[in-house]
Amino acid sequence: MFPLARPRRLRRTAVLREMVRETALDPGDFIYPLFVRSGHGVRSEISAMPGNYHLSVDRLVEEVGAAAGDGIRSVLLFGIPDRKDEEGSEAWSDEAPVQAAVRALKKAFPDLCVITDVCLCEYTSHGHCGVVQEGEVQNDPTLDLLARAAVSHARAGADLVAPSDMMDGRVGAIREALDDAGHSNVAILSYAAKYASAFYGPFREAAGSTPQFGDRRSYQMDPANSDEALVEVGLDLEEGADIVMVKPALAYLDVIRRVKDTYRVPLAAYNVSGEFAMLVAAAERGWIERERTILEVLTSIRRAGADIILTYHAREAARLLR
Ligand code: PB1
């Protein structure tokens with residue numbers, strides 16, 4: 001009790017504060033999301049995500065080289081296809097931007113960890129993450145298409161595939177397809193507890209993946225639920241997920257903590273586009289200090305229990321930590 005106990009004693013100097021600091025940020029824990037499209041020499045900024053670009057493969061290789069210079073060792077690729085159709089067939093084309101990007105990156109940076117997003121929403125004309133029949137997103141017919149996309153990413157050389165569609169049973173289907181195709185060493189990072197969130201807005205503009213009708217609430221989770229997140233994570237682990245993810249991060253820090261305490265497995269959290277845009281916009285207006293806020297946000301996600309953070313701040317944060 002006070003005056004015996006004085007917590008301020010250990011806050012008195014920077015050395016003391018560092019000595020008792022419980023949570024550390026390390027660029028090795030960051031995954032840097034990138035958007036790749038076809039063409040040559042393309043680097044066009046995404047308006048709702050300043051500092052993020054649509055990149056052709058050649059420019060992507062440059063960007064990743066620069067990011068590696070900042071300390072980034074892991075990237076997540078999203079593809080912007082040239083054409084969309086009902087099924088999203090560009091998702092499993094070996095010549096599509098993501099597949100070409102994986103090959104180019106693994107060639108240029110053999111030690112880089114290359115992760116690919118596996119989903120159909122960027123590739124379907126209707127913008128949903130699965131096959132649509134009679135106005136509804138169908139679960140089981142989607143599994144084979146996702147598995148095909150994952151196998152084609154593995155064939156290109158991806159280290160991890162990251163299914164973000166939220167269909168039931170997709171982790172198992174992808175695991176089986178990868179193993180059958182001889183890719184048993186390719187790991188699965190599953191978007192296990194992915195919420196139907198308004199924070200994906202800027203991404204949908206970036207990826208051109210806004211659903212053309214309805215919304216994603218019949219497959220993504222209700223923001224009000226956290227017991228259900230434990231069910232979702234448990235299922236994905238049983239089906240063979242190697243790393244599980246909670247998404248978004250900031251409005252779901254409690255879910256991150258519950259998942260970590262319950263399962264004690266490698267856990268990722270996605271600091272999504274809306275969280276990024278909010279911070280950048282407020283900093284642009286001079287309402288918050290950009291650099292301190294970035295580090296505070298990322299620290300909070302690690303403190304909540306995430307081992308790995310997917311974040312558009314990755315390069316900047318890595319530089320700040322040097
Ligand atoms: O940063 C972000 O907002 C990421 C959004 C995310 C990427 N996996 C999805 C958002 C959505 O549901 O539209 C894409 C789903 N495949």
# chains A, B, ... in the order shown; residues from 1 in each chain; ligands from 1

call {"tool": "closest_atom_pairs", "arguments": {"of": "chain A", "to": "ligand 1", "cutoff": "10 Å", "atoms": "only C-alpha atoms and all ligand atoms", "output": "CSV"}}
result
residue,atom,partner,partner_atom_place_in_ligand_line,distance
A:Pro33,CA,ligand 1,1 (O),8.2
A:Met49,CA,ligand 1,1 (O),9.5
A:Leu76,CA,ligand 1,8 (N),9.6
A:Leu77,CA,ligand 1,8 (N),9.8
A:Phe78,CA,ligand 1,7 (C),8.0
A:Thr116,CA,ligand 1,8 (N),10.0
A:Asp117,CA,ligand 1,8 (N),6.6
A:Val118,CA,ligand 1,16 (N),7.3
A:Cys119,CA,ligand 1,16 (N),5.0
A:Leu120,CA,ligand 1,16 (N),6.7
A:Cys121,CA,ligand 1,16 (N),5.5
A:Glu122,CA,ligand 1,16 (N),7.1
A:Tyr123,CA,ligand 1,16 (N),9.8
A:Gly127,CA,ligand 1,13 (O),8.5
A:His128,CA,ligand 1,16 (N),8.3
A:Cys129,CA,ligand 1,16 (N),6.1
A:Gly130,CA,ligand 1,16 (N),9.7
A:Ala162,CA,ligand 1,8 (N),8.5
A:Pro163,CA,ligand 1,16 (N),7.8
A:Ser164,CA,ligand 1,16 (N),4.9
A:Asp165,CA,ligand 1,16 (N),5.3
A:Met166,CA,ligand 1,16 (N),8.5
A:Tyr191,CA,ligand 1,8 (N),7.8
A:Lys194,CA,ligand 1,12 (O),8.2
A:Tyr195,CA,ligand 1,12 (O),8.2
A:Ala196,CA,ligand 1,12 (O),6.8
A:Ser197,CA,ligand 1,12 (O),7.4
A:Ala198,CA,ligand 1,3 (O),8.7
A:Phe199,CA,ligand 1,3 (O),6.0
A:Tyr200,CA,ligand 1,3 (O),3.4
A:Gly201,CA,ligand 1,3 (O),6.3
A:Pro202,CA,ligand 1,3 (O),6.4
A:Phe203,CA,ligand 1,3 (O),4.5
A:Arg204,CA,ligand 1,13 (O),5.5
A:Glu205,CA,ligand 1,13 (O),9.2
A:Ala206,CA,ligand 1,3 (O),9.1
A:Ala207,CA,ligand 1,14 (C),8.2
A:Gly208,CA,ligand 1,13 (O),9.2
A:Ser209,CA,ligand 1,13 (O),6.2
A:Thr210,CA,ligand 1,13 (O),6.4
A:Pro211,CA,ligand 1,13 (O),7.9
A:Asp215,CA,ligand 1,12 (O),9.0
A:Arg216,CA,ligand 1,12 (O),6.8
A:Arg217,CA,ligand 1,12 (O),9.5
A:Tyr219,CA,ligand 1,12 (O),9.6
A:Gln220,CA,ligand 1,12 (O),7.6
A:Lys247,CA,ligand 1,4 (C),8.3
A:Pro248,CA,ligand 1,3 (O),7.7
A:Tyr270,CA,ligand 1,1 (O),7.2
A:Asn271,CA,ligand 1,1 (O),6.9
A:Val272,CA,ligand 1,1 (O),3.5
A:Ser273,CA,ligand 1,1 (O),3.6
A:Gly274,CA,ligand 1,3 (O),6.1
A:Glu275,CA,ligand 1,1 (O),8.1
A:Phe276,CA,ligand 1,1 (O),8.0
A:Ala277,CA,ligand 1,1 (O),9.6
A:Leu310,CA,ligand 1,1 (O),8.7
A:Thr311,CA,ligand 1,1 (O),8.0
A:Tyr312,CA,ligand 1,1 (O),7.9

call {"tool": "residues_around", "arguments": {"residues": "region 293-299 of chain A", "least_positions_apart": "4", "cutoff": "9 Å", "atoms": "only C-alpha atoms", "output": "JSON, numbers by chain"}}
result
{"A": [23, 24, 25, 250, 271, 276, 279, 283, 288, 289, 303, 304, 309, 311, 313, 316, 317, 320, 321]}

call {"tool": "atom_distance", "arguments": {"atom1": "CA of Val137 (chain A)", "atom2": "CA of Val102 (chain A)"}}
result
29.0 Å

call {"tool": "closest_residue", "arguments": {"among": "A:Ala66, A:Ala158, A:Ala91, A:Leu55", "to": "His183 (chain A)", "atoms": "only C-alpha atoms"}}
result
A:Ala158

call {"tool": "select_by_dssp", "arguments": {"residues": "region 137-284 of chain A", "states": "alpha helix (DSSP H)", "output": "MDAnalysis selection string"}}
result
chainID A and resid 140:156 170:180 201:207 227:239 253:263 273:284

call {"tool": "atom_distance", "arguments": {"atom1": "CA of Ser93 (chain A)", "atom2": "CA of Ser152 (chain A)"}}
result
7.1 Å

call {"tool": "residues_around", "arguments": {"residues": "Asn225 (chain A)", "least_positions_apart": "4", "cutoff": "10 Å", "atoms": "only C-alpha atoms", "output": "PyMOL selection string"}}
result
chain A and resi 193+195+221+229-230+255

call {"tool": "atom_distance", "arguments": {"atom1": "CA of Val114 (chain A)", "atom2": "CA of Pro97 (chain A)"}}
result
14.0 Å

call {"tool": "closest_residue", "arguments": {"among": "A:Ala48, A:Ala108, A:Leu146, A:Ala192", "to": "Val61 (chain A)", "atoms": "only C-alpha atoms"}}
result
A:Ala108
